[in-house]
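Here is run-v1.cif, consisting of mmCIF, C-alpha atoms:
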```cif
data_data
loop_
_atom_site.label_atom_id
_atom_site.label_comp_id
_atom_site.auth_asym_id
_atom_site.auth_seq_id
_atom_site.Cartn_x
_atom_site.Cartn_y
_atom_site.Cartn_z
CA MET A 1 14.39 -7.24 -16.68
CA LYS A 2 16.68 -4.45 -15.54
CA LYS A 3 17.71 -3.23 -12.13
CA LEU A 4 16.11 0.05 -11.12
CA SER A 5 18.23 3.19 -11.41
CA ARG A 6 19.40 5.23 -8.44
CA ARG A 7 16.96 7.96 -9.45
CA LYS A 8 14.08 5.49 -9.38
CA PHE A 9 15.05 4.27 -5.90
CA ILE A 10 15.15 7.83 -4.59
CA LYS A 11 11.81 8.57 -6.23
CA LEU A 12 10.29 5.60 -4.39
CA GLY A 13 11.80 6.66 -1.08
CA ILE A 14 14.49 3.97 -0.75
CA THR A 15 17.35 6.09 0.53
CA GLY A 16 19.62 6.24 3.56
CA GLY A 17 22.73 4.88 1.85
CA VAL A 18 21.06 1.65 0.77
CA VAL A 19 21.16 2.46 -2.94
CA GLY A 20 24.87 3.16 -3.01
CA ALA A 21 25.59 -0.16 -1.36
CA LEU A 22 23.84 -2.26 -3.99
CA THR A 23 26.94 -2.72 -6.12
CA PRO A 24 29.72 -4.77 -4.46
CA LYS A 25 33.31 -3.54 -4.51
CA ARG A 26 36.34 -5.84 -4.41
CA GLY A 27 34.29 -8.87 -3.50
CA VAL A 28 32.44 -7.31 -0.55
CA ALA A 29 28.90 -8.70 -0.38
CA LYS A 30 26.38 -6.11 -1.46
CA THR A 31 23.95 -4.78 1.13
CA LEU A 32 20.40 -5.98 0.68
CA LEU A 33 17.43 -3.66 0.67
CA PRO A 34 15.52 -3.81 3.95
CA PRO A 35 12.19 -5.59 3.55
CA THR A 36 8.99 -3.66 4.04
CA PRO A 37 7.95 -4.14 7.69
CA PRO A 38 5.05 -6.53 8.24
CA GLU A 39 1.89 -5.44 10.00
CA THR A 40 -1.25 -7.03 11.36
CA GLU A 41 -3.95 -7.95 8.89
CA GLY A 42 -6.46 -6.38 11.23
CA PRO A 43 -10.05 -7.48 11.84
CA PHE A 44 -11.53 -6.16 8.59
CA TYR A 45 -9.99 -8.31 5.90
CA PRO A 46 -12.81 -8.86 3.37
CA VAL A 47 -14.94 -11.93 4.06
CA THR A 48 -17.72 -11.37 1.52
CA SER A 49 -16.83 -12.23 -2.05
CA GLN A 50 -17.43 -9.63 -4.75
CA ASP A 51 -17.14 -9.73 -8.54
CA ASP A 52 -15.52 -6.33 -8.93
CA LYS A 53 -11.98 -6.28 -7.54
CA ASP A 54 -10.27 -4.27 -10.28
CA PHE A 55 -7.77 -1.41 -9.86
CA ASP A 56 -10.45 1.33 -9.73
CA LEU A 57 -12.03 1.36 -6.28
CA THR A 58 -13.98 4.57 -7.01
CA ARG A 59 -16.56 2.76 -9.14
CA ILE A 60 -18.45 -0.53 -8.91
CA GLN A 61 -19.50 -2.50 -11.98
CA GLY A 62 -23.17 -2.01 -12.73
CA ARG A 63 -23.47 1.28 -10.82
CA ASP A 64 -23.49 4.78 -12.28
CA GLY A 65 -22.32 6.58 -9.13
CA VAL A 66 -18.78 7.26 -7.96
CA ALA A 67 -17.27 6.91 -4.49
CA GLN A 68 -17.43 9.84 -2.10
CA GLY A 69 -14.29 11.56 -0.84
CA LYS A 70 -10.96 12.65 -2.24
CA HIS A 71 -10.00 10.52 -5.23
CA MET A 72 -6.30 9.72 -5.68
CA ILE A 73 -3.86 7.35 -7.34
CA VAL A 74 -1.67 4.87 -5.45
CA THR A 75 1.23 3.57 -7.51
CA GLY A 76 4.51 1.86 -6.78
CA SER A 77 6.80 -1.10 -7.27
CA VAL A 78 7.36 -4.52 -5.77
CA LEU A 79 11.08 -5.31 -5.50
CA ASP A 80 13.24 -8.08 -4.10
CA ASN A 81 16.08 -7.54 -1.63
CA HIS A 82 18.52 -6.94 -4.50
CA GLY A 83 16.42 -4.16 -6.00
CA GLN A 84 15.13 -6.30 -8.85
CA PRO A 85 11.48 -5.82 -9.91
CA VAL A 86 9.11 -8.67 -9.05
CA PRO A 87 6.72 -9.13 -12.00
CA GLN A 88 3.37 -10.90 -11.75
CA ALA A 89 3.19 -10.47 -7.97
CA THR A 90 -0.33 -10.39 -6.57
CA VAL A 91 -1.01 -7.05 -4.87
CA GLU A 92 -4.18 -6.95 -2.78
CA ILE A 93 -5.49 -3.88 -0.98
CA TRP A 94 -8.47 -3.17 1.27
CA GLN A 95 -9.34 -0.03 3.17
CA ALA A 96 -11.98 2.07 4.89
CA ASN A 97 -14.06 4.47 2.84
CA ALA A 98 -13.75 8.25 3.06
CA LYS A 99 -15.82 8.26 6.29
CA GLY A 100 -13.64 5.62 7.98
CA ARG A 101 -16.02 2.66 7.50
CA TYR A 102 -15.04 -0.77 6.16
CA ARG A 103 -17.40 -2.86 4.09
CA HIS A 104 -17.22 -5.62 6.69
CA PRO A 105 -19.96 -7.15 8.86
CA GLN A 106 -17.94 -6.74 12.05
CA ASP A 107 -17.16 -3.05 11.63
CA ALA A 108 -19.21 -1.36 14.36
CA ASN A 109 -18.24 2.15 13.28
CA PRO A 110 -21.50 4.14 12.96
CA ALA A 111 -20.08 6.02 9.96
CA PRO A 112 -22.13 5.35 6.80
CA LEU A 113 -21.21 2.84 4.13
CA ASP A 114 -20.60 4.17 0.63
CA PRO A 115 -22.56 2.06 -1.89
CA ASN A 116 -20.25 3.22 -4.69
CA PHE A 117 -16.94 2.41 -3.02
CA GLN A 118 -15.38 -0.91 -4.00
CA GLY A 119 -13.21 -1.17 -0.89
CA TRP A 120 -11.12 -4.15 -2.05
CA ALA A 121 -8.92 -4.73 -5.10
CA ILE A 122 -6.48 -7.31 -6.43
CA VAL A 123 -4.06 -6.67 -9.30
CA LEU A 124 -0.83 -8.16 -10.66
CA THR A 125 2.39 -6.20 -11.02
CA ASP A 126 3.55 -5.65 -14.59
CA GLU A 127 6.87 -6.77 -16.10
CA ASN A 128 8.63 -3.93 -14.25
CA GLY A 129 7.12 -4.91 -10.90
CA GLU A 130 4.84 -1.86 -10.92
CA PHE A 131 1.22 -1.52 -9.81
CA ARG A 132 -1.47 1.16 -9.81
CA PHE A 133 -4.76 1.73 -8.02
CA LYS A 134 -7.36 4.49 -8.15
CA THR A 135 -9.07 4.94 -4.81
CA VAL A 136 -10.14 7.48 -2.19
CA MET A 137 -8.30 8.84 0.80
CA PRO A 138 -9.41 6.53 3.63
CA GLY A 139 -10.94 8.20 6.65
CA SER A 140 -9.61 7.86 10.19
CA TYR A 141 -11.69 5.83 12.62
CA PRO A 142 -11.83 4.91 16.33
CA ALA A 143 -10.10 1.62 17.15
CA SER A 144 -10.84 2.05 20.87
CA PRO A 145 -12.14 4.81 23.18
CA THR A 146 -8.59 6.21 23.39
CA TRP A 147 -7.15 5.35 19.98
CA VAL A 148 -8.03 6.80 16.58
CA ARG A 149 -6.35 5.13 13.63
CA PRO A 150 -4.81 7.40 10.97
CA PRO A 151 -5.69 7.00 7.29
CA HIS A 152 -4.03 3.84 5.96
CA ILE A 153 -4.37 1.15 3.31
CA HIS A 154 -3.85 -2.55 3.94
CA PHE A 155 -1.60 -4.42 1.51
CA LYS A 156 -1.06 -8.15 1.02
CA ILE A 157 1.59 -9.15 -1.54
CA SER A 158 2.39 -12.67 -2.68
CA LYS A 159 4.51 -14.36 -5.35
CA LYS A 160 5.87 -17.88 -5.58
CA GLY A 161 9.44 -17.97 -4.27
CA TYR A 162 8.89 -15.01 -1.92
CA GLU A 163 7.62 -14.68 1.62
CA GLU A 164 4.04 -13.38 1.65
CA LEU A 165 3.86 -9.89 3.14
CA THR A 166 0.93 -8.20 4.88
CA THR A 167 1.55 -4.58 5.75
CA GLN A 168 -0.11 -1.17 5.98
CA MET A 169 0.68 1.98 4.00
CA TYR A 170 0.39 5.32 5.79
CA PHE A 171 0.21 8.84 4.40
CA PRO A 172 2.75 11.63 4.93
CA GLY A 173 1.92 14.61 7.11
CA GLU A 174 -0.94 12.95 9.02
CA ALA A 175 -1.03 14.13 12.65
CA LEU A 176 -2.55 10.83 13.78
CA ASN A 177 0.58 9.01 12.59
CA GLU A 178 2.34 10.40 15.65
CA THR A 179 -0.01 8.67 18.09
CA ASP A 180 -0.90 5.48 16.24
CA LEU A 181 -0.19 2.48 18.44
CA LEU A 182 0.69 0.16 15.56
CA LEU A 183 2.90 2.52 13.60
CA ASN A 184 4.76 3.62 16.71
CA GLN A 185 5.65 0.04 17.63
CA LYS A 186 8.06 0.22 14.69
CA LYS A 187 11.58 1.59 14.73
CA PRO A 188 11.95 5.07 13.16
CA SER A 189 13.71 3.55 10.15
CA GLU A 190 10.85 1.08 9.69
CA ARG A 191 8.20 3.78 9.95
CA LEU A 192 9.83 5.61 7.05
CA LEU A 193 9.42 2.51 4.89
CA MET A 194 5.69 2.38 5.64
CA ILE A 195 4.82 5.98 4.74
CA ALA A 196 4.04 6.72 1.10
CA ARG A 197 5.60 9.56 -0.85
CA LYS A 198 3.30 12.22 -2.28
CA ARG A 199 3.85 13.77 -5.67
CA GLY A 200 1.91 16.07 -7.95
CA PRO A 201 -1.13 15.27 -10.08
CA SER A 202 -0.90 12.42 -12.57
CA GLU A 203 -0.29 13.25 -16.23
CA THR A 204 -3.65 11.84 -17.30
CA GLU A 205 -5.85 12.80 -14.35
CA ALA A 206 -5.86 15.81 -12.03
CA LEU A 207 -5.44 13.57 -8.99
CA GLU A 208 -2.74 13.44 -6.34
CA VAL A 209 -0.43 10.45 -6.59
CA TYR A 210 1.06 8.53 -3.68
CA GLU A 211 3.99 6.22 -4.38
CA TYR A 212 4.88 3.20 -2.30
CA ALA A 213 7.83 0.84 -2.73
CA ILE A 214 7.44 -2.68 -1.35
CA VAL A 215 10.43 -4.96 -0.79
CA LEU A 216 9.83 -8.71 -0.43
CA ASN A 217 12.08 -11.32 1.16
CA GLN A 218 12.97 -14.21 -1.06
CA LYS A 219 12.38 -17.66 0.42
CA SER A 220 15.55 -19.46 1.41
#
```
Represent the supplied structure as structure tokens.
Amino acid sequence: MKKLSRRKFIKLGITGGVVGALTPKRGVAKTLLPPTPPETEGPFYPVTSQDDKDFDLTRIQGRDGVAQGKHMIVTGSVLDNHGQPVPQATVEIWQANAKGRYRHPQDANPAPLDPNFQGWAIVLTDENGEFRFKTVMPGSYPASPTWVRPPHIHFKISKKGYEELTTQMYFPGEALNETDLLLNQKKPSERLLMIARKRGPSETEALEVYEYAIVLNQKS
């Protein structure tokens, strides 16, 4: 298992002088990568079991249809504080559909459910700590009469020897990011760590790709 290169860190959005500090000089302790900020699990964590929880949320086993909305790829890496990949970490995501509705019995949003949207997925990182999902751009939705949540995806990451992390990934350039009550409780430096990086279409599919680096704390 090798440490990620400087180019890979920059590609994943881990910048701000952190990369250059990873290698100690003259016995000075190296600076650790800041962990991904935690966030509330929210009220819509899945409570109904389902057989299909694979990486492709745009299709459901046994159905011919595909999910509505803008299809995209979410990919990234799970790292430890030293920048080492964390293989075989469990990466779980859940999100609203393209209309802003969760497949959850307590979601009172009148937006329609999408019968072809999986909504929940669980995968393991590979030997390089990398993961990949195919999903749809989640819709915004009202959290209260005065608060509309921006598009976001919930993540829960776990691996023996590491602190479990629940967080939320946001999308760049979304106007609602500026007024979101949860995101704006974070420091500016923390908000940067919670916003994915957008890049061009994938090599195999004409879909936009969003990259997200997740840093876990090791248990003491």
Translate the PyMOL selection byres ((chain A and resi 172) around 8) into a concrete residue list for this structure, as a compact mmCIF listing (two decimals) with C-alpha atoms, in the coordinates of the input.
```txt
# COMPACT_ATOMS: atom_id res chain seq x y z
CA TYR A 170 0.39 5.32 5.79
CA PHE A 171 0.21 8.84 4.40
CA GLY A 173 1.92 14.61 7.11
CA GLU A 174 -0.94 12.95 9.02
CA ILE A 195 4.82 5.98 4.74
CA ALA A 196 4.04 6.72 1.10
CA ARG A 197 5.60 9.56 -0.85
CA LYS A 198 3.30 12.22 -2.28
```
Using all atoms listed in the file: which of A:Gln118, A:Thr146, A:Gln168, A:Thr90 has the shortest distance to Ala67 (chain A) |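 Nearest candidate to Ala67 (chain A) out of A:Gln118, A:Thr146, A:Gln168, A:Thr90: A:Gln118.
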Run the PyMOL selection byres ((chain A and resi 215) around 6) on the file and write out the hits as a list in words.
->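 That expression, the PyMOL selection byres ((chain A and resi 215) around 6), corresponds here to Pro35, Thr36, Val78, Leu79, Asp80, Ile214 and Leu216 of chain A.
Every protein, DNA or RNA residue with an atom at most 9 Å from Pro112 (chain A), where all atoms listed in the file count and chain neighbours fewer than 3 positions away do not, is listed here: Lys99, Gly100, Arg101 and Asn109 of chain A.
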Got a sec: who's within 10 Å of Val66 (chain A), counting all atoms listed in the file, leaving out chain neighbours fewer than 4 positions off, as a list in words?
-> Leu57, Thr58, Arg59, Ile60, His71, Asp114, Pro115, Asn116, Phe117 and Gln118 of chain A
For Glu211 (chain A), please output as number ranges by chain all residues within 10 Å (counting all atoms listed in the file; exclusion window: fewer than 6 positions along the same chain).
-> A: 11-13, 73-77, 131-132, 169, 171, 195-199
Quick one: pull the distance between CA of Glu208 (chain A) and CA of Val136 (chain A), Å, one decimal.
->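 It comes out at 10.4 Å.
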What residues come out when you apply the PyMOL selection byres ((chain A and resi 51) around 12) to this file, written as an MDAnalysis selection string?
-> chainID A and resid 48:50 52:54 60:62 118 120:122
What does the file look like for those residues with C-alpha atoms, as a compact mmCIF listing (two decimals), keeping the file's coordinate frame?
```
# COMPACT_ATOMS: atom_id res chain seq x y z
CA THR A 48 -17.72 -11.37 1.52
CA SER A 49 -16.83 -12.23 -2.05
CA GLN A 50 -17.43 -9.63 -4.75
CA ASP A 52 -15.52 -6.33 -8.93
CA LYS A 53 -11.98 -6.28 -7.54
CA ASP A 54 -10.27 -4.27 -10.28
CA ILE A 60 -18.45 -0.53 -8.91
CA GLN A 61 -19.50 -2.50 -11.98
CA GLY A 62 -23.17 -2.01 -12.73
CA GLN A 118 -15.38 -0.91 -4.00
CA TRP A 120 -11.12 -4.15 -2.05
CA ALA A 121 -8.92 -4.73 -5.10
CA ILE A 122 -6.48 -7.31 -6.43
```
Distance CA of Pro151 (chain A)-CA of Met137 (chain A), one decimal place?
->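 These two atoms are separated by 7.2 Å.
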Counting all atoms listed in the file, which of A:Glu41, A:Asp180, A:Glu92, A:Glu163 gets nearest to Pro142 (chain A)?
->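 Residue with the minimum atom-to-atom distance to Pro142 (chain A): A:Asp180.
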Pick from A:Gln185, A:Ser158, A:Thr135, A:Thr204, whichever lies nearest to Met72 (chain A) using all atoms listed in the file |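 Once distances to Met72 (chain A) are computed over all atoms listed in the file, the minimum belongs to A:Thr135.
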For CA of Glu164 (chain A) and CA of Pro85 (chain A), quote the distance in Å rounded to one decimal.
->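 Between CA of Glu164 (chain A) and CA of Pro85 (chain A) the gap is 15.7 Å.
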Minimum-distance residue to Val123 (chain A), chosen among A:Gln106, A:Asp56, A:Pro145, A:Ala111 (using all atoms listed in the file) |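 Smallest distance to Val123 (chain A) is found for A:Asp56.
Residue nearest Asn97 (chain A) within the list A:Gln84, A:Ser189, A:Ser144, A:Gln68: A:Gln68 [criterion: smallest interatomic distance, only C-alpha atoms].
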